[in-house]
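The structure under discussion appears below in the form of structure tokens.
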Amino acid sequence: MSRVCGSNFLKSVVRAAAALGVLIVALAIAGCGGGSKSTPVTLTSITVTPANKSIAVGTTMQFKASGAYSDGSYQDLTTSVSWSTSNSSIASVSTTGGSNGLVSALAAGSVTVSAASGSITGSTTFTPASLASIEVTPSNSTFVAGTFHQFKATGILANGATQDLTNLVSWASSDSSVAIISAAGLANLVASGQSTITAAFSGISVSTTLTAATVTSLDVSPLNPVVAAGATPQFSAIATLSNNATLDVTSLVSWISSDSGIATISSGGIASSRSIGLATITAIYGGAVSAATTLTVEGPVSIAITPANPSVVAGSTLKFSAVGTFGDGSTGDVTTLVAWSSSNSAVATIASGGTATVKAAGTTTVTATLGVSGSTTMTATALTSLAVTPETPVVGAGSTLQLAATGTFSDNSTQDLTGSVTWTSGNTGIAAIGNTAATKGVVTAVAPGSTTITATFNGTVKTITLTVNQANRAYVANNGGNSLSVINTANNSLVTTIGVGTAPQGVAVNTAANRAYVTNSGASTLSVIDTTTNTVVATVGVGSSPKGVAVNPSAGRVYVANSFGNTLSVIDTATNSVVATVAVGIGPQAVAVNAAAGRVYVANTTGNTVSVINSATNTVVSTVTVGFGPQAVAVVPSINRVYVANGTSNTVSVIDTASNAVTGTISVGTKPVAIALNTGANRAYVLNGGGNSISVINTSTNSVVETISVGSAPQGIAVNTVTSRAYVTLGGSNMLSVVDLAAGASVASVGVGVAPREVVVVQ
């Protein structure tokens, strides 16, 4: 036996219970296992409509009841509520199936109409009133014999309210040989003459005279108009009747054009001029035929084609437009009226609507003719190469990225072909790419990995490699647990724990290659991790007691600061091997890279210096003295600045990268140990390990603008600039704290390994 359980099922049960006023929710929940944490949906109010209405005594009105629920939804309760009136001698309400809520007005007065479900009640005021008079429309009217016309009866109540009584009154015609009227007020004018139409209800009646006449003549206007090609003149038809009355019958006549190639005419009398020439316009109605009026359609005196002298791509299409200038100086769009032609069909053909299909490189003359001609020269160029940007895109799983295709042509011009090329993905399981008008070139990243993306246009192909990385991740090096914790930052949950070397300290990620690098200070090694599978794929021997690590993806290099060896290991990411060892200052602790400038910065804790290294030659080009005990270093290339956290001085040194000189010193909290940046917001976040706080620095002014408290013994910090969240490792509790930087407070915590140190975030 199967059961359907869930929040939607429970909501429907609760609503049914509320409508019946019976508590059956417990049984429904028990049938679903009884352990649901879903909040019960309850009825909160009932609205009765229509509100505050007045109708004639002896008539009825249908009321409805709508229930509002605690989850914001609504439901029609008309058939399930209990209906009542406050005075059944003035108005009664039906509770019978099929007519629930139908109120009958029995006597003049005022009552309350109520709808109840359990303890919830809704109501409105209802006022029956005596009928004072009836008004019939149209009044004393004249129509054409052989047609039908609808009459309407409106009741005027004693209290001034009105009510449509058309379907309640008794209709009568005094002369059925002239007009017959239905119970719903529809009159059939069967012959010429007069008849009195009467509407009666509740002892009150009213009459109006209906005259049926024949059409003796039809007059059409305007008479013999002259218009420009493309114009849409309005014609009118006036009927003269046998009783000398006149009637506008523009929308009733049958309109006829003698030449639909010149002009057509709609049922409403609007003519559409399509070509140069003459067409007679005639109207027929009630057996009468109008005199013909001649519509003269004149052509333009000149035609201009746009775009003028365009350069287009062979294999593409181009829409031309034609504008005519007429004898009176006016202009009009004649694109669909002209005859289009191409002088060289091998280069391009052109359809009747002005759309050219470009077949090959060359030139052709495009001509538009409507009496006179206009022309322009179209040049078609051949595609010589195709480029796709970005060339080596990296996108996070679950995200989208717009690619662009640019063509270079035989005349050395370039053109955006993003919407014209055909896009394909080599592996849609990793990334799909759109090909509709709205999605051309839009990549949807599905899963981590690499795939080819190909753009094709008229046989020219360009292929690039796109990498999808594991987005929404934080990686935490656990010094006491010999592990790396992988956190899903979308829901702040632990994804997995990866065993690495002894006493891991630093961590860096190359998102383009889906690689994470962890320094193992107790083993003097670097663990290389595949972030798509969360497995260690290589272990690289480095210098003694490695601490900080940084990646230069564009150069394929990883830099490791060896604190006991006083060196920097340079590792080739393609081979996972050390290709250079650079001697730096005493006790190197942290490393940062400026890829654009070709510089690597190493903070030497014991030497109180920063070593500046040329990454092309792997040589130290400068040594900058900073504060005492530098623990962390971060680069802001856009403003040519390096920020160094001095753990003993409780300061941050600001270095000008152009001069390699300290240009400022900022006081922060106790024992700063780490720095994270949000360059877009001009902010540096300095983690104070002894002060259990974050000092927020405005990098435009180099001043502390805020201090945010965090947990005990913070060790590492990383910032997600998209969500404005900081991730702080807490050595005192073995937790990763998630800090809302806008609110200045922790909003979540995730358990990680023992003695967490550095953390890095992938957005």
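Chain labels A, B, ... are given in the sequence in which chains occur in the structure tokens; within each chain residues are numbered consecutively from 1, and ligands are likewise numbered from 1 in the order shown.
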Residues near A:Val169, anyone? I mean within 9 Å using only C-alpha atoms, not counting same-chain ones fewer than 2 positions away, as a list of chain:residue names. A:Ala153, A:Leu165, A:Thr166, A:Asn167, A:Trp171, A:Ala183, A:Ala184, A:Gly185, A:Ala199, A:Ala200, A:Phe201, A:Ser202, A:Ser205
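Distance annotation: of A:Gly118, A:Gly716, A:Pro588, A:Gly556, the residue with the minimal separation from A:Leu43 is A:Gly118; atom set is only C-alpha atoms.
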Residues near A:Thr625, anyone? I mean within 7 Å using only C-alpha atoms, not counting same-chain ones fewer than 4 positions away, as JSON, numbers by chain. {"A": [608, 609, 610]}
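When atom CA of A:Ile717 is paired with atom CA of A:Ser649, their separation reads 19.5 Å.
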Polymer residues at most 6 Å from stretch 697-712 of chain A, only C-alpha atoms, same-chain spacing of 2 or more positions, as a list in words: Asn682, Arg683, Ala684, Asn692, Ser693, Ile694, Ser695, Pro714, Leu730, Gly732 and Gly744 of chain A
Any idea what's packed within 8 Å of A:Ala590, counting only C-alpha atoms, ignoring anything in its chain fewer than 2 positions away? Could you give it as a list in words? Lys547, Gly548, Val549, Ala561, Pro588, Ala592, Val602, Ala603, Asn604, Gln631, Ala632 and Val633 of chain A
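Distance-wise, atom CA of A:Ala105 and atom CA of A:Ile181 end up 27.9 Å apart.
Between A:Gln715 and the residues A:Thr511, A:Asp219, A:Thr49, A:Asn478, the shortest atom-to-atom distance, using only C-alpha atoms, involves A:Asn478.
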DSSP strand (DSSP E or B) residues within stretch 539-749 of chain A, listed as a CSV table (one decimal) with N, CA and C atoms, in the first residue's frame:
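Full text of out17.csv as output:
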```csv
chain,number,residue,atom,x,y,z
A,539,THR,N,52.5,14.2,-4.1
A,539,THR,CA,53.1,14.7,-2.9
A,539,THR,C,54.5,15.2,-3.4
A,540,VAL,N,54.8,16.4,-3.1
A,540,VAL,CA,56.1,17.0,-3.6
A,540,VAL,C,56.9,17.4,-2.4
A,541,GLY,N,58.2,16.9,-2.4
A,541,GLY,CA,59.1,17.3,-1.4
A,541,GLY,C,59.6,18.8,-1.5
A,546,PRO,N,57.6,23.8,5.7
A,546,PRO,CA,56.8,24.8,4.8
A,546,PRO,C,55.6,25.3,5.5
A,547,LYS,N,55.4,26.6,5.2
A,547,LYS,CA,54.2,27.3,5.9
A,547,LYS,C,53.3,27.9,4.8
A,548,GLY,N,53.6,29.0,4.3
A,548,GLY,CA,52.7,29.7,3.3
A,548,GLY,C,52.9,29.1,1.9
A,549,VAL,N,51.8,29.2,1.1
A,549,VAL,CA,51.8,28.8,-0.3
A,549,VAL,C,50.9,29.7,-1.1
A,550,ALA,N,51.3,29.9,-2.4
A,550,ALA,CA,50.6,30.7,-3.3
A,550,ALA,C,50.7,30.2,-4.7
A,551,VAL,N,49.7,30.5,-5.5
A,551,VAL,CA,49.7,29.9,-6.9
A,551,VAL,C,49.7,31.0,-7.9
A,552,ASN,N,50.4,30.8,-9.0
A,552,ASN,CA,50.3,31.7,-10.2
A,552,ASN,C,49.8,30.8,-11.3
A,557,ARG,N,52.9,28.0,-11.8
A,557,ARG,CA,53.8,27.9,-10.7
A,557,ARG,C,53.1,27.9,-9.4
A,558,VAL,N,53.7,27.2,-8.4
A,558,VAL,CA,53.3,27.2,-7.0
A,558,VAL,C,54.5,27.6,-6.2
A,559,TYR,N,54.3,28.6,-5.2
A,559,TYR,CA,55.4,29.1,-4.4
A,559,TYR,C,55.2,28.7,-3.0
A,560,VAL,N,56.2,28.0,-2.3
A,560,VAL,CA,56.1,27.5,-1.0
A,560,VAL,C,57.2,28.2,-0.1
A,561,ALA,N,56.8,28.8,1.0
A,561,ALA,CA,57.7,29.5,1.9
A,561,ALA,C,58.1,28.4,3.0
A,562,ASN,N,59.4,28.1,3.0
A,562,ASN,CA,60.0,27.1,3.9
A,562,ASN,C,60.6,27.8,5.2
A,567,THR,N,64.0,29.5,2.7
A,567,THR,CA,63.9,29.4,1.2
A,567,THR,C,62.5,29.5,0.7
A,568,LEU,N,62.4,29.7,-0.6
A,568,LEU,CA,61.1,29.6,-1.3
A,568,LEU,C,61.3,28.6,-2.4
A,569,SER,N,60.4,27.5,-2.3
A,569,SER,CA,60.4,26.5,-3.3
A,569,SER,C,59.5,26.9,-4.5
A,570,VAL,N,60.0,26.8,-5.7
A,570,VAL,CA,59.2,27.1,-6.9
A,570,VAL,C,58.8,25.8,-7.6
A,571,ILE,N,57.5,25.5,-7.8
A,571,ILE,CA,57.1,24.2,-8.3
A,571,ILE,C,56.4,24.4,-9.6
A,572,ASP,N,56.7,23.5,-10.6
A,572,ASP,CA,56.0,23.5,-11.9
A,572,ASP,C,54.7,22.7,-11.7
A,577,SER,N,56.9,19.2,-9.7
A,577,SER,CA,58.3,19.1,-9.3
A,577,SER,C,58.9,20.5,-9.0
A,578,VAL,N,59.9,20.5,-8.1
A,578,VAL,CA,60.5,21.7,-7.7
A,578,VAL,C,61.5,22.1,-8.8
A,579,VAL,N,61.3,23.3,-9.4
A,579,VAL,CA,62.2,23.7,-10.5
A,579,VAL,C,63.2,24.8,-10.1
A,580,ALA,N,63.0,25.4,-8.9
A,580,ALA,CA,63.9,26.4,-8.4
A,580,ALA,C,63.8,26.5,-6.9
A,581,THR,N,64.9,26.9,-6.2
A,581,THR,CA,64.8,27.2,-4.8
A,581,THR,C,65.5,28.5,-4.6
A,582,VAL,N,64.8,29.5,-4.0
A,582,VAL,CA,65.3,30.8,-3.9
A,582,VAL,C,65.5,31.1,-2.4
A,583,ALA,N,66.7,31.6,-2.1
A,583,ALA,CA,67.1,32.0,-0.7
A,583,ALA,C,66.4,33.3,-0.4
A,588,PRO,N,60.8,32.5,6.7
A,588,PRO,CA,59.7,32.9,5.8
A,588,PRO,C,58.4,32.2,6.2
A,589,GLN,N,57.3,33.0,6.3
A,589,GLN,CA,56.1,32.5,6.8
A,589,GLN,C,55.0,32.5,5.8
A,590,ALA,N,54.9,33.5,5.0
A,590,ALA,CA,53.8,33.7,4.1
A,590,ALA,C,54.3,34.2,2.7
A,591,VAL,N,53.5,33.9,1.7
A,591,VAL,CA,53.9,34.3,0.3
A,591,VAL,C,52.6,34.8,-0.5
A,592,ALA,N,52.8,35.8,-1.3
A,592,ALA,CA,51.8,36.3,-2.2
A,592,ALA,C,52.3,36.6,-3.6
A,593,VAL,N,51.5,36.5,-4.6
A,593,VAL,CA,51.9,36.7,-6.0
A,593,VAL,C,51.2,37.8,-6.7
A,594,ASN,N,52.0,38.6,-7.4
A,594,ASN,CA,51.4,39.6,-8.3
A,594,ASN,C,51.8,39.1,-9.7
A,599,ARG,N,55.9,39.4,-9.9
A,599,ARG,CA,56.6,39.6,-8.6
A,599,ARG,C,56.0,38.6,-7.6
A,600,VAL,N,56.8,38.1,-6.7
A,600,VAL,CA,56.4,37.2,-5.6
A,600,VAL,C,56.9,37.9,-4.3
A,601,TYR,N,56.1,38.0,-3.3
A,601,TYR,CA,56.4,38.7,-2.0
A,601,TYR,C,56.4,37.6,-0.9
A,602,VAL,N,57.5,37.5,-0.1
A,602,VAL,CA,57.6,36.6,1.0
A,602,VAL,C,57.8,37.3,2.3
A,603,ALA,N,57.0,37.1,3.3
A,603,ALA,CA,57.1,37.7,4.6
A,603,ALA,C,58.0,36.8,5.4
A,604,ASN,N,59.1,37.4,5.9
A,604,ASN,CA,60.1,36.7,6.7
A,604,ASN,C,59.9,37.0,8.2
A,609,THR,N,61.3,41.2,7.5
A,609,THR,CA,61.5,41.7,6.2
A,609,THR,C,60.5,41.1,5.2
A,610,VAL,N,60.4,41.7,4.1
A,610,VAL,CA,59.7,41.1,2.9
A,610,VAL,C,60.6,41.0,1.8
A,611,SER,N,60.8,39.7,1.2
A,611,SER,CA,61.6,39.5,0.1
A,611,SER,C,60.8,39.7,-1.2
A,612,VAL,N,61.3,40.5,-2.1
A,612,VAL,CA,60.6,40.8,-3.4
A,612,VAL,C,61.4,40.0,-4.5
A,613,ILE,N,60.7,39.1,-5.1
A,613,ILE,CA,61.3,38.1,-6.1
A,613,ILE,C,60.8,38.4,-7.5
A,614,ASN,N,61.7,38.4,-8.5
A,614,ASN,CA,61.3,38.4,-9.9
A,614,ASN,C,61.0,37.0,-10.3
A,619,THR,N,64.8,35.4,-8.8
A,619,THR,CA,65.9,36.1,-8.0
A,619,THR,C,65.3,37.1,-7.1
A,620,VAL,N,65.9,37.4,-5.9
A,620,VAL,CA,65.4,38.4,-5.0
A,620,VAL,C,65.9,39.8,-5.6
A,621,VAL,N,65.0,40.7,-5.9
A,621,VAL,CA,65.4,42.0,-6.4
A,621,VAL,C,65.3,43.1,-5.4
A,622,SER,N,64.7,42.8,-4.2
A,622,SER,CA,64.6,43.8,-3.2
A,622,SER,C,64.3,43.2,-1.8
A,623,THR,N,64.7,43.7,-0.8
A,623,THR,CA,64.4,43.3,0.6
A,623,THR,C,63.8,44.5,1.3
A,624,VAL,N,62.6,44.5,1.8
A,624,VAL,CA,62.0,45.6,2.4
A,624,VAL,C,61.8,45.3,3.9
A,625,THR,N,62.3,46.2,4.8
A,625,THR,CA,62.2,46.1,6.2
A,625,THR,C,60.8,46.6,6.6
A,630,PRO,N,56.5,39.7,10.9
A,630,PRO,CA,55.5,39.7,9.8
A,630,PRO,C,55.0,38.2,9.6
A,631,GLN,N,53.6,38.1,9.7
A,631,GLN,CA,53.0,36.8,9.6
A,631,GLN,C,52.2,36.6,8.3
A,632,ALA,N,51.8,37.6,7.6
A,632,ALA,CA,51.0,37.5,6.4
A,632,ALA,C,51.2,38.6,5.5
A,633,VAL,N,51.0,38.3,4.2
A,633,VAL,CA,51.2,39.3,3.1
A,633,VAL,C,50.1,39.2,2.1
A,634,ALA,N,49.7,40.3,1.5
A,634,ALA,CA,48.6,40.3,0.5
A,634,ALA,C,48.9,41.5,-0.5
A,635,VAL,N,48.6,41.2,-1.8
A,635,VAL,CA,48.9,42.2,-2.8
A,635,VAL,C,47.6,42.8,-3.4
A,636,VAL,N,47.6,44.1,-3.7
A,636,VAL,CA,46.5,44.8,-4.4
A,636,VAL,C,47.1,45.4,-5.6
A,641,ARG,N,50.0,48.2,-4.3
A,641,ARG,CA,50.3,48.1,-2.8
A,641,ARG,C,50.4,46.7,-2.3
A,642,VAL,N,51.2,46.5,-1.3
A,642,VAL,CA,51.4,45.2,-0.6
A,642,VAL,C,51.1,45.5,0.9
A,643,TYR,N,50.3,44.7,1.5
A,643,TYR,CA,49.9,44.8,2.9
A,643,TYR,C,50.5,43.7,3.7
A,644,VAL,N,51.3,44.0,4.8
A,644,VAL,CA,52.0,43.0,5.6
A,644,VAL,C,51.5,43.1,7.0
A,645,ALA,N,51.0,42.0,7.5
A,645,ALA,CA,50.6,41.9,8.9
A,645,ALA,C,51.7,41.6,9.8
A,646,ASN,N,52.1,42.5,10.8
A,646,ASN,CA,53.2,42.3,11.7
A,646,ASN,C,52.7,41.8,13.0
A,651,THR,N,50.8,45.8,13.9
A,651,THR,CA,50.6,46.8,12.8
A,651,THR,C,50.5,46.1,11.5
A,652,VAL,N,50.1,46.9,10.5
A,652,VAL,CA,50.1,46.5,9.1
A,652,VAL,C,51.0,47.5,8.3
A,653,SER,N,52.1,47.0,7.7
A,653,SER,CA,52.9,47.8,6.8
A,653,SER,C,52.4,47.9,5.4
A,654,VAL,N,52.4,49.1,4.8
A,654,VAL,CA,51.9,49.3,3.5
A,654,VAL,C,53.1,49.6,2.6
A,655,ILE,N,53.3,48.7,1.6
A,655,ILE,CA,54.5,48.8,0.7
A,655,ILE,C,54.1,49.3,-0.7
A,656,ASP,N,54.8,50.3,-1.2
A,656,ASP,CA,54.5,50.8,-2.6
A,656,ASP,C,55.3,49.8,-3.5
A,661,ALA,N,59.1,50.4,-1.1
A,661,ALA,CA,59.3,51.2,0.2
A,661,ALA,C,58.1,51.2,1.0
A,662,VAL,N,58.2,51.2,2.3
A,662,VAL,CA,57.1,51.3,3.2
A,662,VAL,C,56.6,52.7,3.2
A,663,THR,N,55.3,52.9,2.8
A,663,THR,CA,54.7,54.2,2.7
A,663,THR,C,53.7,54.5,3.8
A,664,GLY,N,53.4,53.5,4.7
A,664,GLY,CA,52.5,53.7,5.7
A,664,GLY,C,52.4,52.6,6.7
A,665,THR,N,52.0,52.9,7.9
A,665,THR,CA,51.9,51.8,9.0
A,665,THR,C,50.6,52.0,9.7
A,666,ILE,N,49.8,50.9,9.7
A,666,ILE,CA,48.4,51.0,10.3
A,666,ILE,C,48.4,50.2,11.6
A,667,SER,N,47.9,50.8,12.6
A,667,SER,CA,47.8,50.0,13.9
A,667,SER,C,46.5,49.2,13.8
A,672,PRO,N,48.3,40.3,14.8
A,672,PRO,CA,47.6,40.0,13.4
A,672,PRO,C,48.4,38.9,12.8
A,673,VAL,N,47.6,37.9,12.3
A,673,VAL,CA,48.2,36.7,11.7
A,673,VAL,C,47.8,36.4,10.3
A,674,ALA,N,46.8,37.1,9.8
A,674,ALA,CA,46.3,36.8,8.4
A,674,ALA,C,45.6,38.0,7.8
A,675,ILE,N,45.6,38.1,6.5
A,675,ILE,CA,45.0,39.2,5.7
A,675,ILE,C,44.2,38.6,4.6
A,676,ALA,N,43.0,39.1,4.4
A,676,ALA,CA,42.2,38.8,3.2
A,676,ALA,C,41.7,40.1,2.6
A,677,LEU,N,41.5,40.1,1.2
A,677,LEU,CA,41.2,41.3,0.5
A,677,LEU,C,39.8,41.2,-0.2
A,678,ASN,N,39.2,42.4,-0.3
A,678,ASN,CA,38.1,42.6,-1.3
A,678,ASN,C,38.4,43.8,-2.0
A,683,ARG,N,38.7,47.1,0.5
A,683,ARG,CA,38.8,46.7,1.9
A,683,ARG,C,39.9,45.6,2.1
A,684,ALA,N,40.6,45.7,3.2
A,684,ALA,CA,41.5,44.6,3.6
A,684,ALA,C,41.0,44.2,5.0
A,685,TYR,N,41.0,42.9,5.2
A,685,TYR,CA,40.5,42.3,6.5
A,685,TYR,C,41.7,41.6,7.2
A,686,VAL,N,42.1,42.2,8.3
A,686,VAL,CA,43.2,41.7,9.1
A,686,VAL,C,42.7,41.0,10.3
A,687,LEU,N,43.1,39.7,10.4
A,687,LEU,CA,42.7,38.8,11.5
A,687,LEU,C,43.7,38.9,12.6
A,688,ASN,N,43.2,39.3,13.8
A,688,ASN,CA,44.0,39.5,15.0
A,688,ASN,C,43.9,38.3,15.9
A,693,SER,N,39.7,39.2,16.8
A,693,SER,CA,38.9,40.2,16.1
A,693,SER,C,39.4,40.4,14.6
A,694,ILE,N,38.6,41.1,13.8
A,694,ILE,CA,39.0,41.5,12.5
A,694,ILE,C,39.1,43.0,12.4
A,695,SER,N,40.2,43.5,12.0
A,695,SER,CA,40.4,44.9,11.7
A,695,SER,C,40.0,45.2,10.2
A,696,VAL,N,39.0,46.0,10.0
A,696,VAL,CA,38.6,46.3,8.6
A,696,VAL,C,39.3,47.6,8.1
A,697,ILE,N,40.1,47.5,7.1
A,697,ILE,CA,40.9,48.6,6.6
A,697,ILE,C,40.4,49.1,5.3
A,698,ASN,N,40.1,50.4,5.2
A,698,ASN,CA,39.8,51.0,3.9
A,698,ASN,C,41.1,51.3,3.2
A,703,SER,N,43.1,53.3,6.6
A,703,SER,CA,42.7,53.5,8.0
A,703,SER,C,41.7,52.4,8.4
A,704,VAL,N,41.7,52.1,9.7
A,704,VAL,CA,40.8,51.1,10.2
A,704,VAL,C,39.4,51.7,10.3
A,705,VAL,N,38.4,51.1,9.7
A,705,VAL,CA,37.1,51.7,9.7
A,705,VAL,C,36.1,50.9,10.6
A,706,GLU,N,36.5,49.7,11.0
A,706,GLU,CA,35.6,48.9,11.8
A,706,GLU,C,36.4,47.7,12.4
A,707,THR,N,35.9,47.3,13.6
A,707,THR,CA,36.5,46.1,14.2
A,707,THR,C,35.4,45.1,14.5
A,708,ILE,N,35.6,43.9,14.0
A,708,ILE,CA,34.5,42.8,14.2
A,708,ILE,C,35.1,41.8,15.1
A,709,SER,N,34.3,41.4,16.1
A,709,SER,CA,34.7,40.4,17.1
A,709,SER,C,34.5,39.0,16.4
A,714,PRO,N,41.7,32.8,16.6
A,714,PRO,CA,41.5,32.8,15.2
A,714,PRO,C,42.9,32.7,14.5
A,715,GLN,N,42.9,31.9,13.4
A,715,GLN,CA,44.2,31.6,12.7
A,715,GLN,C,44.2,32.0,11.3
A,716,GLY,N,43.1,31.8,10.5
A,716,GLY,CA,43.1,32.1,9.1
A,716,GLY,C,41.9,32.8,8.7
A,717,ILE,N,41.9,33.5,7.6
A,717,ILE,CA,40.7,34.3,7.1
A,717,ILE,C,40.7,34.3,5.6
A,718,ALA,N,39.5,34.1,5.0
A,718,ALA,CA,39.3,34.2,3.6
A,718,ALA,C,38.0,34.9,3.4
A,719,VAL,N,37.8,35.6,2.2
A,719,VAL,CA,36.6,36.4,2.0
A,719,VAL,C,36.0,36.0,0.7
A,720,ASN,N,34.7,35.8,0.7
A,720,ASN,CA,33.9,35.6,-0.5
A,720,ASN,C,33.3,37.0,-0.9
A,725,ARG,N,31.0,37.5,2.7
A,725,ARG,CA,31.1,36.7,3.9
A,725,ARG,C,32.6,36.4,4.1
A,726,ALA,N,33.0,36.5,5.4
A,726,ALA,CA,34.4,36.1,5.7
A,726,ALA,C,34.4,34.7,6.4
A,727,TYR,N,35.4,33.9,6.2
A,727,TYR,CA,35.5,32.6,6.7
A,727,TYR,C,36.7,32.6,7.6
A,728,VAL,N,36.5,32.4,8.9
A,728,VAL,CA,37.6,32.5,9.9
A,728,VAL,C,37.8,31.1,10.6
A,729,THR,N,39.0,30.6,10.6
A,729,THR,CA,39.3,29.4,11.4
A,729,THR,C,39.6,29.7,12.8
A,730,LEU,N,38.9,29.0,13.7
A,730,LEU,CA,39.1,29.2,15.2
A,730,LEU,C,39.8,28.0,15.8
A,735,MET,N,36.6,25.2,14.8
A,735,MET,CA,35.4,25.6,14.0
A,735,MET,C,35.8,26.5,12.9
A,736,LEU,N,35.0,26.6,11.8
A,736,LEU,CA,35.1,27.6,10.8
A,736,LEU,C,33.9,28.5,11.0
A,737,SER,N,34.2,29.8,11.4
A,737,SER,CA,33.1,30.8,11.6
A,737,SER,C,32.8,31.5,10.3
A,738,VAL,N,31.5,31.6,10.0
A,738,VAL,CA,31.1,32.4,8.9
A,738,VAL,C,30.6,33.8,9.3
A,739,VAL,N,31.3,34.8,8.9
A,739,VAL,CA,31.0,36.2,9.3
A,739,VAL,C,30.3,37.0,8.2
A,740,ASP,N,29.2,37.5,8.5
A,740,ASP,CA,28.5,38.5,7.6
A,740,ASP,C,29.2,39.8,7.8
A,745,ALA,N,28.9,40.4,12.1
A,745,ALA,CA,28.6,39.3,13.1
A,745,ALA,C,28.7,38.0,12.4
A,746,SER,N,29.0,36.9,13.3
A,746,SER,CA,29.0,35.6,12.8
A,746,SER,C,27.6,35.1,12.6
A,747,VAL,N,27.4,34.4,11.5
A,747,VAL,CA,26.0,33.9,11.1
A,747,VAL,C,25.9,32.4,11.1
A,748,ALA,N,27.1,31.7,11.1
A,748,ALA,CA,27.1,30.3,11.1
A,748,ALA,C,28.5,29.8,11.5
A,749,SER,N,28.5,28.5,12.0
A,749,SER,CA,29.8,27.8,12.3
A,749,SER,C,29.8,26.4,11.8
```
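For the set A:Ser545, A:Thr465, A:Thr246, A:Ser321, the residue with the smallest atom-to-atom gap to A:Gly426 is A:Thr465, counting only C-alpha atoms.
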Extract, using only C-alpha atoms, all DNA, RNA and protein residues at most 9 Å from stretch 399-414 of chain A, discarding same-chain residues fewer than 6 positions from it, and format them as a PyMOL selection string. chain A and resi 313+361+381-390+393+420-421+439-446+455+462+471
Selection file, C-alpha atoms, as a JSON list (two decimals), in the first residue's frame:
```
[["chain", "number", "residue", "atom", "x", "y", "z"],
["A", 313, "VAL", "CA", 29.47, 38.82, -43.87],
["A", 361, "ALA", "CA", 32.10, 37.57, -51.03],
["A", 381, "THR", "CA", 33.28, 40.00, -47.10],
["A", 382, "ALA", "CA", 34.62, 36.52, -46.34],
["A", 383, "LEU", "CA", 35.46, 35.36, -42.83],
["A", 384, "THR", "CA", 39.19, 34.73, -42.45],
["A", 385, "SER", "CA", 39.39, 33.88, -38.75],
["A", 386, "LEU", "CA", 37.24, 33.43, -35.67],
["A", 387, "ALA", "CA", 38.12, 34.24, -32.04],
["A", 388, "VAL", "CA", 36.29, 33.28, -28.85],
["A", 389, "THR", "CA", 36.67, 35.24, -25.62],
["A", 390, "PRO", "CA", 37.58, 34.66, -22.92],
["A", 393, "PRO", "CA", 37.50, 30.57, -19.30],
["A", 420, "SER", "CA", 25.46, 34.09, -35.58],
["A", 421, "VAL", "CA", 27.87, 31.23, -34.87],
["A", 439, "THR", "CA", 21.10, 32.16, -24.98],
["A", 440, "LYS", "CA", 23.70, 32.24, -27.77],
["A", 441, "GLY", "CA", 27.12, 31.71, -26.21],
["A", 442, "VAL", "CA", 25.85, 31.38, -22.64],
["A", 443, "VAL", "CA", 27.71, 28.57, -20.85],
["A", 444, "THR", "CA", 25.95, 26.71, -18.04],
["A", 445, "ALA", "CA", 28.52, 24.96, -15.85],
["A", 446, "VAL", "CA", 27.22, 21.56, -14.77],
["A", 455, "ALA", "CA", 32.10, 28.14, -32.41],
["A", 462, "LYS", "CA", 37.30, 28.00, -33.33],
["A", 471, "ALA", "CA", 32.42, 26.50, -6.74]]
```
I want to know what sits within 7 Å of stretch 287-301 of chain A, based on only C-alpha atoms, with residues of the same chain fewer than 5 positions away left out; could you give that as a PyMOL selection string? chain A and resi 215-220+223-229+273+275-282+324-327+370-372
Generate the output file for the selected residues, C-alpha atoms, as a tab-separated table (two decimals), in the first residue's frame.
```
chain	number	residue	atom	x	y	z
A	215	VAL	CA	-32.18	51.51	-46.04
A	216	THR	CA	-32.96	53.77	-48.97
A	217	SER	CA	-29.40	54.88	-49.71
A	218	LEU	CA	-25.78	54.57	-48.59
A	219	ASP	CA	-23.20	57.36	-48.73
A	220	VAL	CA	-19.49	56.57	-48.50
A	223	LEU	CA	-15.15	60.83	-51.91
A	224	ASN	CA	-12.44	59.89	-54.41
A	225	PRO	CA	-9.45	60.30	-52.04
A	226	VAL	CA	-5.83	60.39	-53.20
A	227	VAL	CA	-3.31	58.80	-50.82
A	228	ALA	CA	0.34	57.82	-50.72
A	229	ALA	CA	1.32	54.18	-51.13
A	273	SER	CA	-2.97	50.86	-49.97
A	275	SER	CA	0.43	49.40	-54.82
A	276	ILE	CA	0.20	52.31	-57.23
A	277	GLY	CA	-3.11	52.59	-59.12
A	278	LEU	CA	-6.88	52.98	-58.76
A	279	ALA	CA	-9.40	50.91	-56.78
A	280	THR	CA	-13.13	51.58	-56.34
A	281	ILE	CA	-14.54	51.23	-52.84
A	282	THR	CA	-18.18	50.14	-52.39
A	324	GLY	CA	9.39	56.71	-49.89
A	325	THR	CA	9.20	60.50	-50.22
A	326	PHE	CA	5.94	61.65	-51.81
A	327	GLY	CA	4.92	64.67	-53.86
A	370	LEU	CA	7.64	51.27	-56.63
A	371	GLY	CA	7.13	53.36	-59.76
A	372	VAL	CA	10.53	54.91	-59.09
```
